[in-house]
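A.B. asks: File follows, final.cif with mmCIF, C-alpha atoms:
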```cif
data_model
loop_
_atom_site.label_atom_id
_atom_site.label_comp_id
_atom_site.auth_asym_id
_atom_site.auth_seq_id
_atom_site.Cartn_x
_atom_site.Cartn_y
_atom_site.Cartn_z
CA MET Y 1 -111.53 -135.87 -61.57
CA THR Y 2 -108.06 -137.28 -60.75
CA ASP Y 3 -106.11 -136.63 -57.57
CA SER Y 4 -103.59 -134.48 -59.41
CA THR Y 5 -106.27 -131.96 -60.46
CA THR Y 6 -105.65 -128.79 -58.48
CA LEU Y 7 -108.36 -126.56 -57.05
CA PRO Y 8 -107.63 -123.75 -59.56
CA GLU Y 9 -107.95 -126.30 -62.38
CA ILE Y 10 -111.29 -127.56 -61.08
CA PHE Y 11 -112.45 -123.97 -60.78
CA GLN Y 12 -111.45 -122.90 -64.28
CA GLY Y 13 -112.72 -126.22 -65.66
CA ARG Y 14 -116.16 -125.50 -64.25
CA ILE Y 15 -116.18 -122.07 -65.82
CA ASP Y 16 -114.98 -123.34 -69.18
CA SER Y 17 -117.75 -125.92 -69.28
CA GLU Y 18 -120.35 -123.25 -68.40
CA GLU Y 19 -121.02 -124.65 -64.93
CA LYS Y 20 -121.83 -122.05 -62.29
CA ILE Y 21 -119.57 -121.31 -59.33
CA GLU Y 22 -121.54 -121.45 -56.06
CA PRO Y 23 -120.74 -119.78 -52.70
CA ARG Y 24 -119.16 -122.81 -51.02
CA ASP Y 25 -116.91 -123.72 -53.94
CA TRP Y 26 -113.21 -123.00 -53.85
CA MET Y 27 -112.43 -119.85 -55.85
CA PRO Y 28 -109.33 -117.70 -56.34
CA ASP Y 29 -109.12 -114.71 -54.02
CA ALA Y 30 -108.98 -112.38 -56.99
CA TYR Y 31 -112.23 -113.82 -58.39
CA ARG Y 32 -113.91 -113.29 -55.03
CA LYS Y 33 -112.55 -109.75 -54.76
CA THR Y 34 -113.54 -108.83 -58.31
CA LEU Y 35 -117.08 -110.07 -57.72
CA ILE Y 36 -117.42 -108.30 -54.39
CA ARG Y 37 -116.27 -105.07 -56.01
CA GLN Y 38 -118.55 -105.45 -59.03
CA ILE Y 39 -121.68 -106.72 -57.27
CA SER Y 40 -121.47 -104.21 -54.43
CA GLN Y 41 -120.93 -101.34 -56.90
CA HIS Y 42 -123.92 -102.60 -58.80
CA ALA Y 43 -126.00 -102.73 -55.59
CA HIS Y 44 -124.88 -99.24 -54.60
CA SER Y 45 -125.89 -97.98 -58.06
CA GLU Y 46 -129.41 -99.32 -57.58
CA ILE Y 47 -129.70 -97.70 -54.17
CA VAL Y 48 -128.19 -94.33 -55.12
CA GLY Y 49 -130.17 -94.51 -58.37
CA GLN Y 50 -133.35 -94.06 -56.37
CA LEU Y 51 -132.36 -90.51 -55.47
CA PRO Y 52 -132.49 -88.63 -58.79
CA GLU Y 53 -135.94 -90.09 -59.53
CA GLY Y 54 -137.25 -89.91 -55.98
CA ASN Y 55 -136.70 -86.19 -56.40
CA TRP Y 56 -139.75 -86.08 -58.74
CA ILE Y 57 -142.23 -88.38 -56.99
CA THR Y 58 -144.07 -85.57 -55.22
CA ARG Y 59 -144.15 -83.49 -58.38
CA ALA Y 60 -145.26 -86.12 -60.91
CA PRO Y 61 -147.88 -84.51 -63.16
CA SER Y 62 -150.65 -87.09 -62.60
CA LEU Y 63 -151.63 -89.84 -60.21
CA ARG Y 64 -150.83 -92.41 -62.92
CA ARG Y 65 -147.31 -91.06 -63.37
CA LYS Y 66 -146.81 -90.84 -59.63
CA ALA Y 67 -147.83 -94.47 -59.08
CA ILE Y 68 -145.52 -95.58 -61.91
CA LEU Y 69 -142.55 -93.62 -60.58
CA LEU Y 70 -143.12 -94.89 -57.05
CA ALA Y 71 -143.21 -98.47 -58.33
CA LYS Y 72 -140.00 -97.94 -60.30
CA VAL Y 73 -138.11 -96.46 -57.36
CA GLN Y 74 -139.42 -99.28 -55.17
CA ASP Y 75 -138.08 -101.80 -57.72
CA GLU Y 76 -134.66 -100.18 -57.50
CA ALA Y 77 -134.61 -100.66 -53.73
CA GLY Y 78 -135.48 -104.32 -54.33
CA HIS Y 79 -132.73 -104.67 -56.94
CA GLY Y 80 -130.24 -103.24 -54.46
CA LEU Y 81 -131.39 -105.82 -51.95
CA TYR Y 82 -131.00 -108.77 -54.38
CA LEU Y 83 -127.49 -107.62 -55.24
CA TYR Y 84 -126.38 -106.95 -51.67
CA SER Y 85 -127.56 -110.47 -50.81
CA ALA Y 86 -125.56 -111.92 -53.71
CA ALA Y 87 -122.44 -110.06 -52.54
CA GLU Y 88 -122.97 -111.25 -48.97
CA THR Y 89 -122.62 -114.88 -50.14
CA LEU Y 90 -118.98 -114.02 -50.88
CA GLY Y 91 -118.25 -113.21 -47.26
CA ILE Y 92 -118.64 -109.43 -47.05
CA SER Y 93 -121.30 -108.10 -44.67
CA ARG Y 94 -124.05 -105.64 -45.54
CA GLU Y 95 -122.63 -103.33 -42.94
CA GLN Y 96 -119.15 -103.36 -44.53
CA MET Y 97 -120.64 -102.58 -47.92
CA LEU Y 98 -122.66 -99.66 -46.58
CA GLU Y 99 -119.57 -98.37 -44.82
CA GLN Y 100 -117.63 -98.51 -48.10
CA LEU Y 101 -120.38 -96.61 -49.89
CA HIS Y 102 -120.66 -93.95 -47.22
CA SER Y 103 -116.92 -93.42 -46.88
CA GLY Y 104 -116.52 -93.09 -50.65
CA LYS Y 105 -114.33 -96.19 -50.89
CA ALA Y 106 -116.85 -97.98 -53.09
CA LYS Y 107 -118.06 -96.47 -56.34
CA TYR Y 108 -121.47 -96.50 -57.95
CA SER Y 109 -122.56 -95.71 -61.47
CA SER Y 110 -121.52 -92.13 -62.32
CA ILE Y 111 -124.76 -91.47 -64.13
CA PHE Y 112 -126.53 -90.87 -60.83
CA ASN Y 113 -124.31 -87.91 -60.06
CA TYR Y 114 -126.18 -85.81 -62.62
CA PRO Y 115 -129.19 -83.77 -61.49
CA THR Y 116 -132.80 -84.31 -62.60
CA LEU Y 117 -133.75 -80.75 -63.52
CA THR Y 118 -137.14 -81.24 -65.20
CA TRP Y 119 -139.92 -83.82 -65.43
CA ALA Y 120 -138.59 -84.83 -68.87
CA ASP Y 121 -135.44 -86.10 -67.12
CA ILE Y 122 -137.54 -88.90 -65.67
CA GLY Y 123 -138.38 -89.94 -69.23
CA ALA Y 124 -134.75 -89.62 -70.32
CA ILE Y 125 -133.54 -91.77 -67.43
CA GLY Y 126 -136.10 -94.47 -68.17
CA TRP Y 127 -135.37 -94.51 -71.87
CA LEU Y 128 -131.59 -93.96 -72.03
CA VAL Y 129 -130.20 -94.90 -68.63
CA ASP Y 130 -132.37 -97.98 -68.21
CA SER Y 131 -131.77 -99.05 -71.82
CA ALA Y 132 -128.04 -98.86 -71.18
CA ALA Y 133 -128.46 -100.70 -67.89
CA ILE Y 134 -130.44 -103.50 -69.57
CA ILE Y 135 -127.81 -103.91 -72.30
CA ASN Y 136 -125.14 -104.15 -69.59
CA GLN Y 137 -127.18 -106.50 -67.44
CA ILE Y 138 -128.51 -109.08 -69.89
CA PRO Y 139 -125.10 -110.77 -70.36
CA LEU Y 140 -124.72 -110.80 -66.55
CA CYS Y 141 -127.65 -113.24 -66.34
CA ARG Y 142 -125.10 -115.78 -67.66
CA CYS Y 143 -122.32 -114.71 -65.29
CA SER Y 144 -120.26 -117.60 -63.91
CA TYR Y 145 -121.15 -116.81 -60.29
CA GLY Y 146 -124.51 -118.43 -59.53
CA PRO Y 147 -125.97 -115.99 -56.97
CA TYR Y 148 -125.11 -112.97 -59.15
CA ALA Y 149 -126.57 -114.59 -62.27
CA ARG Y 150 -129.79 -115.48 -60.43
CA ALA Y 151 -130.15 -111.95 -59.06
CA MET Y 152 -129.67 -110.57 -62.56
CA VAL Y 153 -132.38 -112.80 -64.05
CA ARG Y 154 -134.82 -111.41 -61.52
CA ILE Y 155 -133.68 -107.83 -62.10
CA CYS Y 156 -133.80 -108.01 -65.90
CA LYS Y 157 -137.37 -109.30 -65.76
CA GLU Y 158 -138.41 -106.24 -63.78
CA GLU Y 159 -136.27 -103.72 -65.63
CA SER Y 160 -138.07 -103.67 -68.96
CA PHE Y 161 -141.05 -101.79 -67.52
CA HIS Y 162 -138.62 -99.09 -66.43
CA GLN Y 163 -137.40 -98.55 -69.95
CA ARG Y 164 -140.85 -98.61 -71.51
CA GLN Y 165 -142.43 -96.20 -69.07
CA GLY Y 166 -139.61 -93.72 -69.78
CA TYR Y 167 -140.07 -93.95 -73.52
CA GLU Y 168 -143.82 -93.60 -73.19
CA LEU Y 169 -143.35 -90.53 -70.99
CA LEU Y 170 -141.17 -88.93 -73.68
CA MET Y 171 -143.67 -89.89 -76.40
CA THR Y 172 -146.35 -88.05 -74.47
CA LEU Y 173 -144.17 -84.95 -74.13
CA CYS Y 174 -143.17 -85.08 -77.81
CA GLN Y 175 -146.79 -85.21 -78.88
CA GLY Y 176 -147.59 -82.23 -76.61
CA SER Y 177 -146.92 -78.50 -76.88
CA GLU Y 178 -143.76 -76.94 -78.32
CA GLU Y 179 -142.55 -76.25 -74.78
CA GLN Y 180 -143.05 -79.88 -73.77
CA LYS Y 181 -141.16 -81.09 -76.81
CA ALA Y 182 -138.36 -78.62 -76.08
CA MET Y 183 -138.23 -79.91 -72.51
CA ALA Y 184 -137.82 -83.47 -73.81
CA GLN Y 185 -135.06 -82.36 -76.22
CA ASP Y 186 -133.25 -80.55 -73.42
CA ALA Y 187 -133.34 -83.65 -71.23
CA ILE Y 188 -131.94 -85.81 -74.05
CA ASN Y 189 -129.19 -83.25 -74.67
CA ARG Y 190 -128.07 -83.58 -71.08
CA TRP Y 191 -128.51 -87.36 -70.60
CA TRP Y 192 -127.20 -88.70 -73.92
CA TRP Y 193 -123.45 -88.52 -73.34
CA PRO Y 194 -123.51 -89.65 -69.69
CA SER Y 195 -125.57 -92.66 -70.88
CA VAL Y 196 -123.05 -93.47 -73.62
CA MET Y 197 -120.35 -93.35 -70.92
CA MET Y 198 -122.24 -95.86 -68.74
CA PHE Y 199 -120.48 -98.73 -70.53
CA GLY Y 200 -117.20 -97.66 -69.01
CA PRO Y 201 -113.82 -96.91 -70.59
CA GLY Y 202 -113.08 -98.04 -74.14
CA ASP Y 203 -111.71 -101.56 -74.58
CA ALA Y 204 -108.13 -100.33 -74.88
CA ASN Y 205 -108.31 -98.65 -71.46
CA SER Y 206 -110.54 -101.03 -69.52
CA THR Y 207 -108.50 -102.28 -66.57
CA HIS Y 208 -110.52 -105.30 -65.45
CA SER Y 209 -111.79 -106.65 -68.75
CA ALA Y 210 -109.46 -109.45 -69.86
CA GLN Y 211 -109.49 -111.33 -66.57
CA SER Y 212 -113.25 -110.87 -66.13
CA MET Y 213 -113.79 -112.34 -69.61
CA GLN Y 214 -111.69 -115.38 -68.77
CA TRP Y 215 -113.73 -115.88 -65.62
CA LYS Y 216 -116.96 -115.31 -67.55
CA ILE Y 217 -118.02 -112.59 -65.17
CA LYS Y 218 -118.11 -110.46 -68.27
CA ARG Y 219 -119.13 -111.71 -71.71
CA ASN Y 220 -118.96 -108.68 -74.00
CA SER Y 221 -116.53 -105.82 -74.25
CA ASN Y 222 -117.52 -102.30 -73.18
CA ASP Y 223 -117.30 -100.96 -76.73
CA GLU Y 224 -119.37 -103.83 -78.13
CA LEU Y 225 -122.21 -103.09 -75.68
CA ARG Y 226 -121.91 -99.33 -76.23
CA GLN Y 227 -122.31 -99.84 -79.98
CA LYS Y 228 -125.40 -101.93 -79.39
CA PHE Y 229 -126.87 -99.15 -77.27
CA VAL Y 230 -126.22 -96.47 -79.90
CA ASP Y 231 -127.60 -98.61 -82.74
CA GLN Y 232 -130.76 -99.23 -80.77
CA ALA Y 233 -131.23 -95.61 -79.61
CA VAL Y 234 -130.97 -93.86 -82.99
CA PRO Y 235 -134.25 -95.13 -84.51
CA GLN Y 236 -135.98 -94.69 -81.16
CA ALA Y 237 -134.91 -91.01 -81.09
CA GLU Y 238 -136.06 -90.59 -84.69
CA TYR Y 239 -139.49 -91.92 -83.82
CA LEU Y 240 -139.75 -89.35 -81.03
CA GLY Y 241 -138.62 -86.60 -83.40
CA LEU Y 242 -135.73 -85.76 -81.07
CA THR Y 243 -132.10 -85.15 -82.04
CA LEU Y 244 -129.27 -86.96 -80.29
CA PRO Y 245 -126.60 -84.34 -79.46
CA ASP Y 246 -123.78 -85.79 -81.56
CA PRO Y 247 -122.96 -84.22 -84.94
CA ASP Y 248 -120.77 -87.22 -85.84
CA LEU Y 249 -123.58 -89.71 -85.45
CA LYS Y 250 -124.21 -91.36 -88.82
CA TRP Y 251 -124.92 -94.76 -90.35
CA ASN Y 252 -121.85 -96.61 -91.57
CA GLU Y 253 -122.93 -98.97 -94.32
CA ALA Y 254 -119.64 -100.87 -94.35
CA ARG Y 255 -119.69 -101.58 -90.61
CA GLY Y 256 -123.43 -102.06 -90.41
CA HIS Y 257 -123.44 -99.81 -87.34
CA TYR Y 258 -123.78 -96.15 -86.44
CA ASP Y 259 -120.54 -94.21 -86.09
CA PHE Y 260 -120.52 -91.77 -83.22
CA GLY Y 261 -118.34 -88.96 -81.91
CA GLU Y 262 -115.47 -88.89 -79.48
CA ILE Y 263 -116.44 -89.40 -75.83
CA ASP Y 264 -115.28 -86.76 -73.34
CA TRP Y 265 -113.39 -89.07 -71.01
CA ASP Y 266 -112.16 -86.16 -68.90
CA GLU Y 267 -115.73 -85.57 -67.85
CA PHE Y 268 -116.18 -89.27 -67.09
CA TYR Y 269 -113.10 -89.46 -64.86
CA GLN Y 270 -114.01 -86.19 -63.14
CA VAL Y 271 -117.43 -87.56 -62.19
CA VAL Y 272 -116.03 -90.98 -61.19
CA GLY Y 273 -113.44 -89.15 -59.11
CA GLY Y 274 -116.12 -87.42 -57.07
CA ASN Y 275 -116.38 -84.10 -58.89
CA GLY Y 276 -119.71 -84.57 -60.65
CA PRO Y 277 -122.58 -82.14 -60.11
CA CYS Y 278 -124.28 -84.23 -57.38
CA ASN Y 279 -121.68 -86.63 -55.88
CA HIS Y 280 -121.67 -84.92 -52.51
CA GLU Y 281 -125.45 -84.53 -52.38
CA ARG Y 282 -126.07 -88.21 -53.21
CA ILE Y 283 -123.76 -89.61 -50.54
CA SER Y 284 -124.97 -87.14 -47.92
CA ALA Y 285 -128.55 -88.20 -48.63
CA ARG Y 286 -127.59 -91.90 -48.24
CA ILE Y 287 -125.75 -91.33 -44.97
CA LYS Y 288 -128.64 -89.27 -43.59
CA ALA Y 289 -131.17 -91.96 -44.55
CA HIS Y 290 -129.05 -94.65 -42.90
CA GLU Y 291 -128.55 -92.64 -39.71
CA ASP Y 292 -132.17 -91.53 -39.53
CA GLY Y 293 -133.21 -95.17 -39.84
CA ALA Y 294 -130.98 -96.37 -36.99
CA TRP Y 295 -133.75 -96.14 -34.40
CA VAL Y 296 -135.98 -98.40 -36.50
CA ARG Y 297 -133.33 -101.12 -36.59
CA GLU Y 298 -132.69 -100.70 -32.85
CA ALA Y 299 -136.40 -100.87 -32.05
CA ALA Y 300 -136.90 -103.97 -34.21
CA LEU Y 301 -134.04 -105.76 -32.47
CA ALA Y 302 -135.24 -104.71 -29.00
CA TYR Y 303 -138.76 -105.91 -29.84
CA ALA Y 304 -137.47 -109.25 -31.13
CA ASP Y 305 -135.38 -109.68 -27.95
CA LYS Y 306 -138.38 -108.94 -25.77
CA GLN Y 307 -140.55 -111.41 -27.68
CA ARG Y 308 -137.91 -114.11 -27.26
CA GLN Y 309 -137.64 -113.45 -23.52
CA ARG Y 310 -141.42 -113.58 -23.12
CA ALA Y 311 -141.62 -116.85 -25.01
CA ARG Y 312 -138.87 -118.30 -22.79
CA LYS Y 313 -140.68 -117.18 -19.64
CA ALA Y 314 -143.97 -118.63 -20.83
CA ALA Y 315 -142.26 -121.96 -21.57
CA ALA Y 316 -140.55 -122.08 -18.14
CA MET P 317 -123.89 -101.90 -31.74
CA PRO P 318 -127.61 -101.74 -32.29
CA ASP P 319 -127.38 -99.33 -35.22
CA LYS P 320 -125.43 -101.87 -37.24
CA ILE P 321 -127.43 -103.71 -39.85
CA GLY P 322 -125.05 -106.65 -39.40
CA ARG P 323 -126.84 -107.47 -36.18
CA LEU P 324 -130.11 -108.03 -38.04
CA PRO P 325 -129.93 -111.76 -38.76
CA LEU P 326 -130.11 -113.11 -42.30
CA TRP P 327 -133.19 -115.08 -43.42
CA GLU P 328 -133.76 -117.19 -46.51
CA VAL P 329 -137.02 -116.59 -48.35
CA PHE P 330 -139.01 -119.31 -50.10
CA ILE P 331 -142.03 -118.48 -52.26
CA ARG P 332 -144.83 -120.73 -53.51
CA GLY P 333 -145.54 -119.42 -57.01
CA LYS P 334 -149.09 -120.74 -57.04
CA ARG P 335 -151.12 -123.44 -55.38
CA GLY P 336 -149.89 -126.88 -56.38
CA LEU P 337 -146.26 -125.82 -56.75
CA ASP P 338 -143.37 -126.23 -54.30
CA HIS P 339 -141.95 -123.36 -52.31
CA LYS P 340 -138.82 -122.26 -54.11
CA HIS P 341 -135.85 -120.29 -52.84
CA ALA P 342 -136.28 -116.66 -53.89
CA GLY P 343 -133.50 -114.85 -52.03
CA SER P 344 -132.48 -113.57 -48.63
CA ILE P 345 -133.35 -110.71 -46.35
CA HIS P 346 -132.12 -109.13 -43.10
CA ALA P 347 -134.70 -108.82 -40.33
CA ALA P 348 -134.87 -108.79 -36.54
CA ASP P 349 -137.29 -111.72 -36.26
CA GLY P 350 -139.44 -114.08 -38.30
CA GLU P 351 -142.47 -111.80 -38.39
CA GLN P 352 -140.42 -108.91 -39.70
CA ALA P 353 -138.66 -111.20 -42.17
CA LEU P 354 -142.07 -112.14 -43.59
CA GLN P 355 -143.04 -108.48 -43.87
CA TYR P 356 -139.77 -107.55 -45.54
CA ALA P 357 -139.86 -110.54 -47.89
CA ARG P 358 -143.35 -109.60 -48.93
CA ASP P 359 -142.20 -106.17 -50.13
CA PRO P 360 -139.87 -107.09 -52.99
CA TYR P 361 -140.39 -110.77 -53.81
CA PRO P 362 -144.07 -111.30 -54.65
CA ARG P 363 -144.61 -107.76 -55.98
CA ARG P 364 -145.86 -108.91 -59.37
CA ASN P 365 -148.13 -111.74 -58.28
CA GLU P 366 -145.20 -114.13 -58.08
CA GLY P 367 -146.52 -115.92 -55.05
CA CYS P 368 -149.33 -116.99 -52.75
CA SER P 369 -147.31 -118.21 -49.75
CA ILE P 370 -143.99 -117.31 -48.14
CA TRP P 371 -141.66 -119.29 -45.88
CA VAL P 372 -138.73 -117.68 -44.11
CA VAL P 373 -136.01 -119.57 -42.26
CA LYS P 374 -132.97 -118.25 -40.46
CA SER P 375 -129.95 -118.78 -42.73
CA ALA P 376 -127.89 -119.92 -39.73
CA ASP P 377 -130.36 -122.78 -39.14
CA ILE P 378 -129.75 -124.35 -42.53
CA ILE P 379 -127.46 -127.39 -42.43
CA ALA P 380 -125.65 -127.54 -45.75
CA SER P 381 -123.45 -130.25 -47.21
CA GLN P 382 -119.82 -129.36 -47.74
CA PHE P 383 -117.98 -129.64 -51.03
CA GLU P 384 -115.35 -131.85 -49.34
CA ASP P 385 -118.08 -134.41 -48.62
CA ASN P 386 -119.27 -134.58 -52.21
CA ASP P 387 -117.45 -137.86 -52.89
CA SER P 388 -119.13 -139.73 -50.07
CA LEU P 389 -122.51 -138.08 -50.59
CA PHE P 390 -122.92 -138.20 -54.34
CA ASP P 391 -120.39 -140.59 -55.85
CA PRO P 392 -122.24 -143.78 -54.88
CA ALA P 393 -125.31 -142.42 -56.62
CA ILE P 394 -123.34 -141.94 -59.81
CA ASP P 395 -122.00 -145.54 -59.70
CA LYS P 396 -125.31 -147.24 -59.16
CA MET P 397 -127.34 -144.80 -61.14
CA ILE P 398 -127.79 -146.93 -64.23
CA TYR P 399 -130.32 -149.49 -62.97
CA ARG P 400 -132.40 -146.74 -61.32
CA HIS P 401 -133.25 -145.37 -64.75
CA PRO P 402 -135.89 -146.90 -67.03
CA THR P 403 -133.54 -146.93 -70.02
CA PHE P 404 -131.41 -149.60 -68.26
CA TYR P 405 -133.99 -152.26 -69.17
CA ASP P 406 -134.41 -153.82 -72.60
CA VAL P 407 -138.05 -154.57 -73.20
CA PRO P 408 -140.08 -154.76 -76.42
CA GLU P 409 -140.69 -151.26 -77.82
CA ASP P 410 -144.27 -151.74 -78.95
CA LEU P 411 -145.67 -152.85 -75.59
CA LYS P 412 -145.70 -149.25 -74.35
CA LEU P 413 -143.96 -150.20 -71.13
#
```
Please, can you express the file's structure as structure tokens?

C.D. replies:
Amino acid sequence: MTDSTTLPEIFQGRIDSEEKIEPRDWMPDAYRKTLIRQISQHAHSEIVGQLPEGNWITRAPSLRRKAILLAKVQDEAGHGLYLYSAAETLGISREQMLEQLHSGKAKYSSIFNYPTLTWADIGAIGWLVDSAAIINQIPLCRCSYGPYARAMVRICKEESFHQRQGYELLMTLCQGSEEQKAMAQDAINRWWWPSVMMFGPGDANSTHSAQSMQWKIKRNSNDELRQKFVDQAVPQAEYLGLTLPDPDLKWNEARGHYDFGEIDWDEFYQVVGGNGPCNHERISARIKAHEDGAWVREAALAYADKQRQRARKAAA
Amino acid sequence: MPDKIGRLPLWEVFIRGKRGLDHKHAGSIHAADGEQALQYARDPYPRRNEGCSIWVVKSADIIASQFEDNDSLFDPAIDKMIYRHPTFYDVPEDLKL
């Protein structure tokens, strides 16, 4: 390193040679801001993502299913925690992030603004939503920002049980009565397109992509990952004997991929913009949980203070 | 304000994967005191048998080196590194030294 090397050059040099950026390193403000936005949104998605599934814990059809669903929702709380911690290394506080979520300033994944109407939805979320999440998250394990990459490694390890339990749940329904199979089909009909949209706008319209690629925050384009998801889901749906609700879905020999229909981006932007079926309900539930928990935080702090004072007195 | 989570101090969590291994940094957690930090760390981190012992330490108590000091801290090690490595020495191959 010579004296004429500037901080931005050192920074980009590290990234180009696949070295990680760590919290105390110099980094451009825009890199810091992009990461705070992305990691906090990701954390919020984990936390809000507990709500649609939590809705079914008390109504799970067996003790086995209830224990599994509880464990999955508990994992999501943990994933939120890992990600909030990673974001905090960039200089934003937990409190600021929660404030941004509650005020609507920060976004979270739109998928969680859809309702979970039947038990089969729990299967559909595990299979489709968690499959999409895994495809999005695996490249993030190699993200240039160390704390984010480490959190993602931990999360990806835990996430595969989520996907498998969902698929197994749907297998059970599909091998059951006609009504159970119809329930599974109905859930897939409702969750397929929102899952396809989880990869975000198409490459031509993705606002943050080019810069994030250069910074190696992002490694694959939205459309590339979306294609991977579709290719993987088609045979899995066939095995279940379920139909994916897209008449244009067919194998393209020349491309070596499945072609699929036009995405309804109006719906996507409506839900992102706050007009999805459950946006209001989700945020209200989060705010209520935070406010209802205030006394626990107060009590813990008061108890810790008292313990400290007692220890001081005993030492004196 | 007591209802602000920002007032709950930050703790670093270290987990011993199994007996015979070092404690390794696993992540961080907000908690009012050490006891609560242990309880909270126990919830997510060793959920799948990833550990048999937990350390927590207040993040503010960690003294960390600064990037600006890297030259004085690590450069001398790079210069003199060669004779600290076994490959620096030429000795007969077949003696299994």

A.B. asks: Give me the result of the PyMOL selection byres ((chain Y and resi 156-160) around 12) on this file, residue by residue, as a VMD selection string.

C.D. replies: (chain Y and resid 46 71 to 76 78 to 79 82 126 to 127 129 to 142 149 to 155 161 to 167) or (chain P and resid 360 to 364 366)

A.B. asks: Just want the 12 Å neighbourhood of P:Ser369, counted on all atoms listed in the file, with same-chain residues fewer than 5 positions away dropped. Output as a list in words.

C.D. replies: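 Listed by chain and then number, they are Val329, Phe330, Ile331, Arg332, Gly333, Lys334, Arg335, Gly336, Leu337, Asp338, His339, Lys340, Ala342, Leu354, Ala357, Arg358, Tyr361 and Pro362 of chain P.
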
A.B. asks: Output the contact residues of chain Y with respect to chain P at a cut-off of 9 Å, based on only C-alpha atoms, as JSON, numbers by chain.

C.D. replies: {"Y": [24, 25, 26, 74, 75, 77, 78, 79, 81, 82, 85, 86, 93, 94, 95, 96, 151, 291, 293, 294, 295, 296, 297, 298, 299, 300, 301, 302, 303, 304, 305]}

A.B. asks: Residues picked by the PyMOL selection byres ((chain Y and resi 200) around 9) here, as a PyMOL selection string?

C.D. replies: chain Y and resi 196-199+201-203+206+222-223+226+268

A.B. asks: What's around Y:Ala285 at 12 Å? Count only C-alpha atoms, leave out sequence neighbours fewer than 5 positions away in its own chain, and write the answer as a VMD selection string.

C.D. replies: chain Y and resid 47 to 52 54 to 55 101 to 102 278 to 280 290 to 292

A.B. asks: Quick one, how far is atom CA of Y:Met183 from atom CA of Y:Asp121?

C.D. replies: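 Straight-line distance from atom CA of Y:Met183 to atom CA of Y:Asp121 works out to 8.7 Å.
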
A.B. asks: When you count only C-alpha atoms, which of these residues is closest to Y:Arg190: Y:Asp246, Y:Glu88, Y:Glu168, Y:Asp231?

C.D. replies: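 Of Y:Asp246, Y:Glu88, Y:Glu168, Y:Asp231, the one nearest Y:Arg190 is Y:Asp246, counting only C-alpha atoms.
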
A.B. asks: What's the separation between atom CA of Y:Pro8 and atom CA of Y:Tyr84, in Å to one decimal place?

C.D. replies: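 Taking atom CA of Y:Pro8 and atom CA of Y:Tyr84, their separation equals 26.4 Å.
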
A.B. asks: Show which residues sit within 8 Å of Y:Ser144, as a PyMOL selection string. Count all atoms listed in the file, and ignore same-chain residues fewer than 3 positions away.

C.D. replies: chain Y and resi 15+18-21+149+215-217

A.B. asks: Any chance you could export the current selection's C-alpha atoms as a compact mmCIF listing (two decimals), in the coordinates of the input?

C.D. replies:
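Now in result_24.txt:
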```txt
# COMPACT_ATOMS: atom_id res chain seq x y z
CA ILE Y 15 -116.18 -122.07 -65.82
CA GLU Y 18 -120.35 -123.25 -68.40
CA GLU Y 19 -121.02 -124.65 -64.93
CA LYS Y 20 -121.83 -122.05 -62.29
CA ILE Y 21 -119.57 -121.31 -59.33
CA ALA Y 149 -126.57 -114.59 -62.27
CA TRP Y 215 -113.73 -115.88 -65.62
CA LYS Y 216 -116.96 -115.31 -67.55
CA ILE Y 217 -118.02 -112.59 -65.17
```

A.B. asks: Give me, as a list in words, all polymer residues having an atom no more than 12 Å from stretch 56-62 of chain Y, counting only C-alpha atoms and skipping those fewer than 6 positions away in the same chain.

C.D. replies: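 Within the cut-off, the hits are Gln50, Ile68, Leu69, Leu70, Ala71, Lys72, Val73, Gln74, Pro115, Thr116, Leu117, Thr118, Trp119, Ala120, Asp121, Ile122, Gly123, Leu169, Thr172 and Leu173 of chain Y.
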
A.B. asks: To one decimal in Å, tell me the separation between atom CA of Y:Pro147 and atom CA of P:Pro392.

C.D. replies: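 Between atom CA of Y:Pro147 and atom CA of P:Pro392 the gap is 28.1 Å.
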
A.B. asks: Please expand the PyMOL selection byres ((chain Y and resi 174) around 9) into the concrete residues it hits in this file, giving the result as a list in words.

C.D. replies: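 On the file shown, the PyMOL selection byres ((chain Y and resi 174) around 9) covers Leu169, Leu170, Met171, Thr172, Leu173, Gln175, Gly176, Ser177, Glu178, Gln180, Lys181, Ala182, Met183, Ala184, Gln185, Leu240, Gly241 and Leu242 of chain Y.
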
A.B. asks: Smallest atom-to-atom distance to Y:Asp259: which of Y:Lys107, Y:Phe229, Y:Arg286, Y:Glu238, using all atoms listed in the file?

C.D. replies: Y:Phe229
